[in-house]
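Listing of coords33.cif, mmCIF, C-alpha atoms
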```cif
data_coords
loop_
_atom_site.label_atom_id
_atom_site.label_comp_id
_atom_site.auth_asym_id
_atom_site.auth_seq_id
_atom_site.Cartn_x
_atom_site.Cartn_y
_atom_site.Cartn_z
CA MET H 2 -123.43 47.47 39.56
CA ARG H 3 -120.74 48.61 37.15
CA SER H 4 -119.23 50.93 39.75
CA ARG H 5 -119.25 48.18 42.35
CA LEU H 6 -117.62 45.73 39.93
CA ALA H 7 -114.97 48.28 39.01
CA LEU H 8 -114.15 48.82 42.70
CA VAL H 9 -113.85 45.08 43.29
CA LEU H 10 -111.52 44.70 40.29
CA LEU H 11 -109.45 47.70 41.39
CA ALA H 12 -109.12 46.34 44.91
CA GLY H 13 -108.04 42.95 43.57
CA SER H 14 -105.53 44.57 41.25
CA LEU H 15 -104.07 46.66 44.07
CA ALA H 16 -103.84 43.63 46.34
CA PHE H 17 -102.09 41.63 43.60
CA SER H 18 -99.68 44.50 42.90
CA GLY H 19 -98.95 44.90 46.59
CA ALA H 20 -98.11 41.21 46.92
CA ALA H 21 -95.93 41.32 43.84
CA LEU H 22 -94.03 44.40 45.00
CA GLY H 23 -93.17 42.64 48.24
CA ALA H 24 -92.14 39.39 46.55
CA THR H 25 -88.47 38.51 46.18
CA PRO H 26 -86.95 35.98 43.75
CA PRO H 27 -86.33 32.38 44.79
CA PRO H 28 -82.93 31.71 46.37
CA GLN H 29 -80.60 28.95 45.30
CA PRO H 30 -82.16 25.52 45.91
CA LYS H 31 -80.91 23.91 49.12
CA ALA H 32 -80.15 20.61 47.43
CA GLY H 33 -80.20 18.74 44.15
CA ALA H 34 -79.60 20.12 40.68
CA GLY H 35 -78.43 23.73 40.91
CA GLY H 36 -78.48 23.38 44.69
CA ALA H 37 -76.15 24.39 47.49
CA ASP H 38 -75.62 20.94 48.99
CA TYR H 39 -71.87 21.17 48.54
CA ALA H 40 -69.33 18.90 50.17
CA ALA H 41 -66.92 20.64 52.50
CA GLY H 42 -63.67 21.90 51.06
CA ASP H 43 -62.16 24.95 49.45
CA VAL H 44 -61.83 25.36 45.69
CA VAL H 45 -58.29 25.07 44.35
CA LYS H 46 -57.46 27.69 41.72
CA ARG H 47 -54.41 27.22 39.52
CA ALA H 48 -53.27 27.26 35.90
CA VAL H 49 -51.41 25.00 33.52
CA GLY H 50 -49.69 25.72 30.24
CA ARG H 51 -47.76 28.95 30.08
CA ALA H 52 -48.46 32.61 30.72
CA SER H 53 -49.30 33.42 27.11
CA ALA H 54 -51.36 30.25 26.58
CA ALA H 55 -52.92 29.23 29.87
CA THR H 56 -55.79 27.05 30.98
CA TYR H 57 -57.22 27.85 34.40
CA VAL H 58 -57.96 24.81 36.53
CA PHE H 59 -60.51 24.63 39.36
CA HIS H 60 -61.50 21.74 41.60
CA ARG H 61 -62.39 20.94 45.17
CA ALA H 62 -59.37 20.65 47.47
CA GLY H 63 -58.04 17.21 48.30
CA THR H 64 -57.47 13.93 46.52
CA PRO H 65 -60.77 12.45 45.27
CA ASP H 66 -61.66 8.79 45.79
CA GLN H 67 -62.97 8.59 42.23
CA PRO H 68 -61.94 10.47 39.06
CA ARG H 69 -63.67 13.82 38.68
CA PRO H 70 -66.07 14.54 35.80
CA VAL H 71 -64.69 17.34 33.63
CA ALA H 72 -66.46 20.58 32.66
CA VAL H 73 -64.68 22.56 29.93
CA PHE H 74 -65.88 26.17 30.18
CA LEU H 75 -65.58 28.21 26.97
CA HIS H 76 -66.00 31.94 27.53
CA ALA H 77 -67.65 34.60 25.40
CA TRP H 78 -65.43 36.63 23.07
CA GLY H 79 -63.45 39.07 25.18
CA ALA H 80 -64.48 37.46 28.49
CA THR H 81 -61.09 35.87 29.14
CA ASN H 82 -61.13 36.37 32.92
CA PRO H 83 -62.77 33.47 34.81
CA GLN H 84 -63.91 36.01 37.39
CA ILE H 85 -66.80 36.80 35.03
CA TYR H 86 -68.25 33.29 35.48
CA GLY H 87 -66.88 32.73 39.00
CA GLY H 88 -70.18 31.84 40.62
CA TRP H 89 -70.94 29.09 38.08
CA ILE H 90 -67.35 27.79 38.12
CA GLU H 91 -67.42 27.59 41.92
CA HIS H 92 -70.74 25.74 41.80
CA LEU H 93 -69.33 23.15 39.39
CA ALA H 94 -66.08 22.73 41.31
CA ARG H 95 -67.88 22.31 44.64
CA LYS H 96 -70.25 19.80 43.03
CA GLY H 97 -67.21 17.67 42.26
CA TYR H 98 -66.18 18.70 38.74
CA LEU H 99 -62.72 19.41 37.45
CA VAL H 100 -63.32 22.71 35.64
CA LEU H 101 -61.01 23.72 32.78
CA TYR H 102 -61.16 27.30 31.52
CA PRO H 103 -58.94 27.56 28.42
CA ARG H 104 -58.01 31.17 27.69
CA PHE H 105 -58.24 30.65 23.94
CA GLN H 106 -58.11 34.36 23.12
CA GLU H 107 -55.36 36.91 23.56
CA LEU H 108 -57.11 40.26 23.51
CA ASN H 109 -56.36 42.29 20.38
CA ARG H 110 -54.16 39.48 19.05
CA THR H 111 -56.40 36.48 18.35
CA ARG H 112 -58.86 36.38 15.47
CA PRO H 113 -62.14 34.50 15.88
CA ALA H 114 -61.23 32.21 12.98
CA GLU H 115 -58.18 31.06 15.00
CA ALA H 116 -60.04 30.39 18.24
CA THR H 117 -60.93 26.75 17.63
CA ALA H 118 -57.33 25.72 16.94
CA GLN H 119 -56.18 27.70 19.99
CA ALA H 120 -58.72 25.97 22.23
CA VAL H 121 -57.79 22.52 20.89
CA GLY H 122 -54.09 23.13 21.60
CA LEU H 123 -54.73 24.43 25.10
CA LEU H 124 -56.96 21.51 26.04
CA LYS H 125 -54.59 18.89 24.67
CA ASP H 126 -51.81 20.38 26.77
CA ALA H 127 -54.07 20.61 29.83
CA PHE H 128 -55.25 17.00 29.62
CA ALA H 129 -51.65 15.85 29.08
CA GLN H 130 -50.48 17.70 32.19
CA LEU H 131 -53.41 16.73 34.37
CA GLY H 132 -53.72 13.11 33.30
CA GLN H 133 -51.36 11.89 36.04
CA ASP H 134 -52.27 14.62 38.55
CA ALA H 135 -53.57 12.90 41.69
CA GLU H 136 -55.66 15.90 42.78
CA ALA H 137 -57.12 16.77 39.39
CA LYS H 138 -57.78 13.12 38.44
CA PRO H 139 -59.93 13.79 35.32
CA ASP H 140 -62.49 11.22 34.23
CA LEU H 141 -62.14 11.30 30.43
CA GLY H 142 -65.31 9.29 30.03
CA ARG H 143 -67.42 12.02 31.68
CA VAL H 144 -66.70 15.28 29.90
CA VAL H 145 -69.10 18.15 29.24
CA LEU H 146 -68.45 21.23 27.10
CA VAL H 147 -70.11 24.44 28.26
CA GLY H 148 -70.00 27.58 26.12
CA HIS H 149 -71.41 31.09 26.23
CA SER H 150 -71.99 33.25 23.13
CA ALA H 151 -69.00 32.63 20.82
CA GLY H 152 -67.90 29.98 23.30
CA ALA H 153 -71.05 28.01 22.49
CA ALA H 154 -69.98 27.74 18.85
CA LEU H 155 -66.52 26.68 20.02
CA ALA H 156 -68.08 23.98 22.19
CA PHE H 157 -69.82 22.50 19.14
CA ASN H 158 -66.59 22.80 17.13
CA LEU H 159 -64.58 20.97 19.80
CA ALA H 160 -67.18 18.21 19.95
CA ALA H 161 -66.85 17.79 16.17
CA LYS H 162 -63.03 17.69 16.31
CA ALA H 163 -62.57 15.70 19.51
CA ALA H 164 -61.97 12.26 18.04
CA GLN H 165 -59.58 13.36 15.29
CA ASP H 166 -57.65 15.76 17.54
CA GLY H 167 -57.14 13.34 20.41
CA LEU H 168 -59.48 15.09 22.87
CA PRO H 169 -62.02 13.28 25.05
CA VAL H 170 -65.35 12.91 23.25
CA PRO H 171 -67.91 14.85 25.30
CA LYS H 172 -71.12 13.28 26.59
CA LEU H 173 -72.86 16.68 26.67
CA VAL H 174 -72.54 20.02 24.87
CA LEU H 175 -74.40 22.93 26.48
CA GLY H 176 -74.46 26.21 24.54
CA THR H 177 -75.86 29.30 26.27
CA MET H 178 -76.88 32.36 24.24
CA PRO H 179 -74.93 31.08 21.20
CA GLY H 180 -73.57 33.72 18.83
CA GLY H 181 -70.51 35.10 17.09
CA VAL H 182 -70.67 32.58 14.23
CA ALA H 183 -69.31 33.55 10.81
CA LYS H 184 -71.76 33.28 7.93
CA ASP H 185 -69.01 31.79 5.79
CA GLU H 186 -65.21 31.41 5.82
CA LYS H 187 -64.71 35.00 4.63
CA SER H 188 -66.97 36.56 7.28
CA ARG H 189 -65.92 37.75 10.71
CA GLY H 190 -66.65 35.31 13.50
CA ILE H 191 -66.17 31.72 14.65
CA VAL H 192 -65.98 29.48 11.57
CA LEU H 193 -67.96 26.32 12.19
CA GLU H 194 -66.32 22.97 11.67
CA ASP H 195 -68.14 20.08 10.02
CA LEU H 196 -70.60 19.56 12.87
CA SER H 197 -71.91 16.37 11.26
CA ARG H 198 -68.84 14.72 12.81
CA ILE H 199 -70.22 15.16 16.35
CA ASP H 200 -70.67 11.73 17.91
CA PRO H 201 -74.32 10.62 17.52
CA ALA H 202 -74.44 9.63 21.20
CA THR H 203 -73.75 13.23 22.35
CA LEU H 204 -76.53 15.10 24.13
CA LEU H 205 -76.87 18.64 22.70
CA VAL H 206 -78.64 21.40 24.66
CA THR H 207 -78.90 25.13 23.98
CA VAL H 208 -80.39 27.76 26.30
CA ILE H 209 -81.33 31.23 25.08
CA GLY H 210 -83.09 34.12 26.81
CA ASP H 211 -86.32 35.86 25.87
CA ARG H 212 -84.55 39.23 25.62
CA GLU H 213 -82.30 39.87 22.64
CA TRP H 214 -83.20 36.34 21.62
CA GLN H 215 -83.50 36.40 17.83
CA ALA H 216 -79.81 36.09 16.93
CA SER H 217 -79.27 33.42 19.61
CA ASP H 218 -82.33 31.53 18.42
CA ARG H 219 -81.10 31.48 14.82
CA THR H 220 -77.62 30.40 15.87
CA ALA H 221 -78.92 27.68 18.20
CA LYS H 222 -81.08 26.22 15.45
CA ARG H 223 -78.19 26.40 12.99
CA LEU H 224 -75.87 24.54 15.37
CA MET H 225 -78.50 21.85 15.90
CA ARG H 226 -79.21 21.59 12.19
CA GLU H 227 -75.57 21.22 11.19
CA ALA H 228 -74.99 18.58 13.87
CA SER H 229 -76.87 16.26 11.55
CA SER H 230 -75.43 12.96 12.82
CA VAL H 231 -77.01 13.50 16.24
CA PRO H 232 -80.67 12.38 16.23
CA LEU H 233 -83.42 14.83 17.14
CA THR H 234 -84.14 12.74 20.24
CA ARG H 235 -80.76 13.85 21.64
CA LYS H 236 -81.27 17.58 21.05
CA VAL H 237 -83.02 20.06 23.34
CA LEU H 238 -83.74 23.74 22.57
CA MET H 239 -84.54 25.76 25.69
CA ARG H 240 -85.58 29.32 26.38
CA ALA H 241 -85.21 31.09 29.71
CA PRO H 242 -87.96 33.56 30.69
CA SER H 243 -87.73 37.05 32.12
CA ASP H 244 -90.15 37.74 34.95
CA GLU H 245 -91.10 41.15 36.37
CA TYR H 246 -93.58 39.92 38.97
CA GLY H 247 -91.52 40.85 42.02
CA PHE H 248 -88.37 42.78 42.86
CA PRO H 249 -85.65 42.62 41.83
CA THR H 250 -86.96 41.50 38.49
CA LEU H 251 -85.45 38.56 36.61
CA ALA H 252 -83.99 39.21 33.17
CA ALA H 253 -82.95 36.45 30.77
CA ALA H 254 -80.61 38.43 28.53
CA LEU H 255 -77.41 37.92 26.57
CA ALA H 256 -75.18 38.47 29.62
CA SER H 257 -77.25 36.33 32.00
CA PRO H 258 -74.82 33.35 32.17
CA GLY H 259 -72.29 35.64 33.83
CA SER H 260 -72.02 35.35 37.63
CA THR H 261 -69.12 37.54 38.72
CA LYS H 262 -67.07 36.46 41.72
CA ASP H 263 -63.87 38.27 42.67
CA ALA H 264 -62.27 35.17 44.21
CA PHE H 265 -61.91 33.76 40.67
CA ASP H 266 -60.09 36.78 39.25
CA GLY H 267 -57.49 35.45 36.83
CA ALA H 268 -55.05 38.17 37.92
CA LYS H 269 -54.88 36.50 41.34
CA ILE H 270 -54.00 33.08 39.90
CA LYS H 271 -50.32 32.43 39.32
CA LEU H 272 -49.58 31.55 35.71
CA PRO H 273 -46.76 29.23 34.65
CA PRO H 274 -43.88 31.14 33.06
CA ASP H 275 -43.32 31.20 29.34
CA PRO H 276 -40.33 29.12 28.19
CA PRO H 277 -37.05 31.06 27.90
CA VAL H 278 -36.52 32.83 24.61
CA ASP H 279 -33.59 31.74 22.49
CA PRO H 280 -31.59 34.97 21.92
CA LYS H 281 -30.47 33.67 18.53
CA ALA H 282 -33.98 32.91 17.32
CA PRO H 283 -35.61 35.57 15.14
CA LYS H 284 -38.13 37.63 17.02
CA ALA H 285 -41.72 36.81 16.15
CA ARG H 286 -43.70 39.80 15.04
CA ALA H 287 -46.76 40.60 17.03
CA PRO H 288 -49.86 40.51 14.85
CA LYS H 289 -51.02 43.94 13.80
CA TRP H 290 -54.36 44.84 15.29
CA SER H 291 -57.23 44.70 12.85
CA ALA H 292 -61.00 45.00 13.12
CA ASP H 293 -61.50 41.27 12.61
CA MET H 294 -60.05 40.64 16.08
CA VAL H 295 -63.33 41.98 17.45
CA LEU H 296 -66.57 40.19 16.66
CA SER H 297 -68.83 43.23 16.88
CA GLY H 298 -69.62 46.27 18.96
CA GLU H 299 -72.24 44.16 20.75
CA GLN H 300 -69.49 41.91 22.09
CA SER H 301 -67.81 44.87 23.82
CA ILE H 302 -71.13 45.79 25.42
CA LEU H 303 -71.62 42.14 26.41
CA VAL H 304 -68.27 41.97 28.22
CA ALA H 305 -69.06 45.19 30.12
CA GLN H 306 -72.45 43.75 31.16
CA LEU H 307 -70.91 40.42 32.14
CA GLY H 308 -68.52 42.11 34.50
CA GLN H 309 -71.42 43.60 36.46
CA ASN H 310 -73.78 40.62 36.48
CA VAL H 311 -74.97 39.49 39.90
CA THR H 312 -75.79 35.86 40.58
CA ASP H 313 -79.56 35.39 40.76
CA SER H 314 -82.40 32.94 40.21
CA VAL H 315 -81.80 32.85 36.44
CA ASP H 316 -78.32 31.45 37.17
CA TYR H 317 -79.52 28.91 39.72
CA TYR H 318 -82.52 27.61 37.78
CA ALA H 319 -81.94 28.30 34.08
CA PHE H 320 -78.20 27.58 33.73
CA TRP H 321 -76.75 25.77 36.73
CA LYS H 322 -79.72 23.44 37.21
CA THR H 323 -80.01 22.76 33.48
CA LEU H 324 -76.35 21.76 33.26
CA ASP H 325 -76.58 19.58 36.38
CA LEU H 326 -79.65 17.73 35.10
CA ALA H 327 -78.40 17.43 31.51
CA ALA H 328 -74.98 16.13 32.61
CA THR H 329 -76.57 13.49 34.83
CA ALA H 330 -78.81 12.41 31.95
CA ALA H 331 -75.87 12.32 29.52
CA PHE H 332 -73.63 10.33 31.89
CA GLU H 333 -76.45 7.82 32.41
CA GLY H 334 -77.00 7.45 28.65
CA LYS H 335 -80.45 9.07 28.66
CA ASP H 336 -81.67 11.06 25.67
CA GLY H 337 -83.20 14.49 25.23
CA GLU H 338 -86.77 13.21 25.31
CA THR H 339 -86.22 11.76 28.78
CA LEU H 340 -84.61 15.00 29.90
CA ARG H 341 -87.50 17.13 28.58
CA LYS H 342 -90.04 14.97 30.44
CA ASP H 343 -88.33 15.71 33.75
CA ALA H 344 -90.58 18.36 35.34
CA ALA H 345 -87.61 19.69 37.32
CA LEU H 346 -85.91 20.84 34.10
CA THR H 347 -88.33 23.68 33.37
CA ASP H 348 -89.16 24.65 36.96
CA MET H 349 -87.89 28.12 37.93
CA GLY H 350 -88.97 28.07 41.56
CA ARG H 351 -91.36 30.46 43.30
CA TRP H 352 -91.33 34.05 44.42
CA SER H 353 -91.28 34.58 48.18
CA ASP H 354 -95.09 34.91 48.26
CA GLY H 355 -95.54 31.52 46.60
CA TRP H 356 -96.27 32.75 43.09
CA PRO H 357 -94.46 30.57 40.50
CA VAL H 358 -91.71 32.12 38.40
CA LYS H 359 -92.31 31.75 34.67
CA ARG H 360 -91.13 28.34 33.55
CA LEU H 361 -88.41 27.51 31.06
CA SER H 362 -89.46 26.02 27.76
CA ALA H 363 -87.82 22.88 26.37
CA GLU H 364 -88.47 21.30 23.00
CA ALA H 365 -86.82 19.20 20.34
CA PRO H 366 -85.77 20.90 17.08
CA LYS H 367 -88.31 20.47 14.33
CA PRO H 368 -87.28 18.07 11.56
CA GLU H 369 -86.25 19.76 8.35
CA ALA H 370 -88.91 19.84 5.67
CA PRO H 371 -87.98 17.76 2.62
CA ALA H 372 -86.87 19.75 -0.40
CA THR H 373 -89.76 20.55 -2.72
CA ALA H 374 -89.37 18.83 -6.06
CA GLN H 375 -89.57 21.10 -9.08
CA PRO H 376 -92.66 20.43 -11.23
CA ALA H 377 -92.08 18.40 -14.36
CA ALA H 378 -92.23 20.27 -17.63
CA ALA H 379 -95.22 19.36 -19.78
CA PRO H 380 -94.79 19.00 -23.55
CA VAL H 381 -96.87 21.47 -25.53
CA ALA H 382 -97.63 21.00 -29.23
CA THR H 383 -96.67 24.01 -31.33
CA GLY H 384 -98.28 23.06 -34.63
CA LYS H 385 -98.38 20.34 -37.24
CA GLY H 386 -94.95 18.97 -38.14
CA GLN H 387 -93.17 20.86 -35.35
CA SER H 388 -91.49 19.41 -32.26
CA PRO H 389 -93.27 20.11 -29.00
CA THR H 390 -91.72 22.72 -26.72
CA LEU H 391 -91.41 22.34 -22.98
CA ARG H 392 -93.42 24.57 -20.71
CA ALA H 393 -93.32 24.34 -16.92
CA THR H 394 -96.58 23.24 -15.38
CA PRO H 395 -97.81 26.11 -13.21
CA ARG H 396 -97.98 25.49 -9.46
CA ALA H 397 -101.31 25.67 -7.76
CA THR H 398 -101.67 28.82 -5.72
CA PRO H 399 -102.56 27.96 -2.14
CA LYS H 400 -105.64 29.58 -0.74
CA ALA H 401 -105.10 32.23 1.84
CA SER H 402 -105.77 30.84 5.30
CA ALA H 403 -108.60 32.42 7.21
CA ARG H 404 -107.64 34.70 10.07
CA ARG H 405 -108.43 33.47 13.54
#
```
Do you think you could lay out the structure here as structure tokens?
Amino acid sequence: MRSRLALVLLAGSLAFSGAALGATPPPQPKAGAGGADYAAGDVVKRAVGRASAATYVFHRAGTPDQPRPVAVFLHAWGATNPQIYGGWIEHLARKGYLVLYPRFQELNRTRPAEATAQAVGLLKDAFAQLGQDAEAKPDLGRVVLVGHSAGAALAFNLAAKAAQDGLPVPKLVLGTMPGGVAKDEKSRGIVLEDLSRIDPATLLVTVIGDREWQASDRTAKRLMREASSVPLTRKVLMRAPSDEYGFPTLAAALASPGSTKDAFDGAKIKLPPDPPVDPKAPKARAPKWSADMVLSGEQSILVAQLGQNVTDSVDYYAFWKTLDLAATAAFEGKDGETLRKDAALTDMGRWSDGWPVKRLSAEAPKPEAPATAQPAAAPVATGKGQSPTLRATPRATPKASARR
């Protein structure tokens, strides 16, 4: 009986493995959120600003009947070329967005602590130039901020500074694999603004992967925690799964938001010229390179990985679909609870043999535990005629919980 049972189990295992080996990942959905139901028309690729401080602009060709919603795309540290995220940018542009890609970093010249101010300046200039542009036609009431890695922290910073700096207040902030945040003002990294100034009506969503997730998880929770004016009902923490059921396997890693597309190579997009230099003006000194212009060695590895990322099911279902659904919810005034209850949000499609891909997880941040009050000191008599001394009342030692 044991031998027969072992043979049955082995046969079942081999059959399952054979099916899995032949299974391929789900393609892009044909329609809907993350889907390929694009309106006809090429994507216009141009830039505004000046060569040394440019914002790349992408939108569907032609003059739109209605103003376009705006997606501000904030790249990872070192990932200044929009080619790295070309697939996602094309998706957004063909879905009807005006996509702005501010190049807030000059390689080996910009320090992370300066990035927020650089991004603010670039976007103010871009909105000023595009405000009367008949083809761009930005809808300032429908703005989303999308950031990857250090760009996620910048997205939260820009949301906090929008009102005071004259930028459109975003309806949605989506941070993917957030990182690169300085521990304090003296540490290397993106220095967080006062995130409590983010408008309470903003929908905040973060997506991390299940590989190399710990740093992103800590940063995502920190961003949510410091955005204290936004209620928990408007915050969603998500995790994308890796899945090795079929081939090629699906990996939700730090570089996963990248979707390289050569047609979006920044080198192929004509940049506006820099203004003429006054020959009498003193020459500005170029900043001397220093180690604090680089976030970490991991960032260099990340940029190399981003440049080789292929667009796959993790892009379609974990990032593109999440943004599409979250933006629709934000524009309609819905909260995070409503978004989380949408079964489509966590669906990752099915392998070619019908087996479901591991689902995304989506939850609200846990409320912070109230600070534990220190025990009151109890007076203790020290002898006749003497003043009592104060001795702290000992805390009860909790019993060890039983193992399950």
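Summary of the local environment: counting all atoms listed in the file, residues at most 8 Å from H:Asp211, other than itself and those fewer than 5 positions away along its chain, are Arg240, Ala241, Pro242, Ser243, Ala253 and Ala254 of chain H.
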Write out, as a compact mmCIF listing (two decimals), in the coordinates of the input, the residues just selected, with C-alpha atoms.
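Resulting contents of result31.txt:
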```txt
# COMPACT_ATOMS: atom_id res chain seq x y z
CA ARG H 240 -85.58 29.32 26.38
CA ALA H 241 -85.21 31.09 29.71
CA PRO H 242 -87.96 33.56 30.69
CA SER H 243 -87.73 37.05 32.12
CA ALA H 253 -82.95 36.45 30.77
CA ALA H 254 -80.61 38.43 28.53
```
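Taking atom CA of H:Tyr246 and atom CA of H:Thr323 as the two end points, the separation is 22.6 Å.
Counting all atoms listed in the file, H:Thr220 has the following residues at most 10 Å away, ignoring those fewer than 2 positions along the same chain: Ser150, Ala153, Ala154, Met178, Pro179, Gly180, Gly181, Val182, Thr207, Ile209, Trp214, Gln215, Ala216, Ser217, Asp218, Lys222, Arg223, Leu224, Met225 and Arg226 of chain H.
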key: Near-stretch 257-266 of chain H list (7 Å; all atoms listed in the file; drop same-chain fewer than 5 positions) as a list in words   =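 Near neighbours after the sequence-gap exclusion: Asn82, Pro83, Gln84, Ile85, Tyr86, Gly87, Gly88, Trp89, Leu307, Gly308, Gln309, Asn310, Val311, Thr312, Asp316 and Phe320 of chain H.
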ask   = In Å, how far is it from atom CA of H:Val170 to atom CA of H:Val45?
value = 25.4 Å
Closest contacts (stretch 91-168 of chain H/stretch 201-206 of chain H, max 12 Å, all atoms listed in the file) as a tab-separated table:
```
residue	atom	partner	partner_atom	distance
H:Arg143	CA	H:Thr203	CA	11.3
H:Val144	CA	H:Thr203	CA	10.5
H:Val145	CA	H:Leu204	CA	9.5
H:Leu146	CA	H:Leu205	CA	9.8
H:Val147	CA	H:Val206	CA	9.7
H:Gly148	CA	H:Val206	CA	10.7
H:Ala153	CA	H:Val206	CA	10.3
H:Ala156	CA	H:Leu205	CA	10.3
H:Phe157	CA	H:Leu205	CA	8.8
H:Ala160	CA	H:Thr203	CA	8.6
H:Ala161	CA	H:Thr203	CA	10.3
H:Ala163	CA	H:Thr203	CA	11.8
```
message = Here's the selection I'm unsure about, the PyMOL selection byres ((chain H and resi 356) around 10); applied to the file above, which residues does it give, as a list in words?
response = Ala20, Ala21, Ala24, Pro26, Tyr246, Gly247, Gly350, Arg351, Trp352, Ser353, Asp354, Gly355, Pro357, Val358 and Lys359 of chain H
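Pairwise distance (atom CA of H:His76, atom CA of H:Leu361) equals 23.1 Å.
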request  = Please evaluate the PyMOL selection byres ((chain H and resi 102-111) around 7) against the displayed coordinates and give the resulting residues as a PyMOL selection string.
outcome  = chain H and resi 54-58+73-75+79+81+100-101+112-113+115-116+119-120+123-124+288+290+294
query = How would you write, as JSON, numbers by chain, the residues chosen by the PyMOL selection byres ((chain H and resi 230) around 8) on this structure?
reply = {"H": [197, 198, 199, 200, 201, 228, 229, 231, 232]}
inquiry  = Taking 5 positions as the minimum chain separation for residues in the same chain, which residues sit within 10 Å of H:Val237 when counting only C-alpha atoms? Answer as a PyMOL selection string.
reply    = chain H and resi 175+204-208+225+327+336-338+340-341+362-366
ask   = So which residues touch stretch 30-44 of chain H within 9 Å, counting only C-alpha atoms, skipping near sequence neighbours fewer than 6 positions away, as a list of chain:residue names?
value = H:Phe59, H:His60, H:Arg61, H:Ala62, H:Gly63, H:Glu91, H:His92, H:Ala94, H:Arg95, H:Lys96, H:Gly97, H:Asp316, H:Tyr317, H:Tyr318, H:Ala319, H:Phe320, H:Trp321, H:Lys322, H:Thr323, H:Leu324, H:Asp325, H:Leu326, H:Ala345, H:Gly350
Can you write out the residues you just picked, keeping C-alpha atoms, as a PDB file, in the frame of the given file?
```
ATOM      1  CA  PHE H  59     -60.510  24.630  39.360  1.00  0.00           C
ATOM      2  CA  HIS H  60     -61.500  21.740  41.600  1.00  0.00           C
ATOM      3  CA  ARG H  61     -62.390  20.940  45.170  1.00  0.00           C
ATOM      4  CA  ALA H  62     -59.370  20.650  47.470  1.00  0.00           C
ATOM      5  CA  GLY H  63     -58.040  17.210  48.300  1.00  0.00           C
ATOM      6  CA  GLU H  91     -67.420  27.590  41.920  1.00  0.00           C
ATOM      7  CA  HIS H  92     -70.740  25.740  41.800  1.00  0.00           C
ATOM      8  CA  ALA H  94     -66.080  22.730  41.310  1.00  0.00           C
ATOM      9  CA  ARG H  95     -67.880  22.310  44.640  1.00  0.00           C
ATOM     10  CA  LYS H  96     -70.250  19.800  43.030  1.00  0.00           C
ATOM     11  CA  GLY H  97     -67.210  17.670  42.260  1.00  0.00           C
ATOM     12  CA  ASP H 316     -78.320  31.450  37.170  1.00  0.00           C
ATOM     13  CA  TYR H 317     -79.520  28.910  39.720  1.00  0.00           C
ATOM     14  CA  TYR H 318     -82.520  27.610  37.780  1.00  0.00           C
ATOM     15  CA  ALA H 319     -81.940  28.300  34.080  1.00  0.00           C
ATOM     16  CA  PHE H 320     -78.200  27.580  33.730  1.00  0.00           C
ATOM     17  CA  TRP H 321     -76.750  25.770  36.730  1.00  0.00           C
ATOM     18  CA  LYS H 322     -79.720  23.440  37.210  1.00  0.00           C
ATOM     19  CA  THR H 323     -80.010  22.760  33.480  1.00  0.00           C
ATOM     20  CA  LEU H 324     -76.350  21.760  33.260  1.00  0.00           C
ATOM     21  CA  ASP H 325     -76.580  19.580  36.380  1.00  0.00           C
ATOM     22  CA  LEU H 326     -79.650  17.730  35.100  1.00  0.00           C
ATOM     23  CA  ALA H 345     -87.610  19.690  37.320  1.00  0.00           C
ATOM     24  CA  GLY H 350     -88.970  28.070  41.560  1.00  0.00           C
TER      25      GLY H 350
END
```
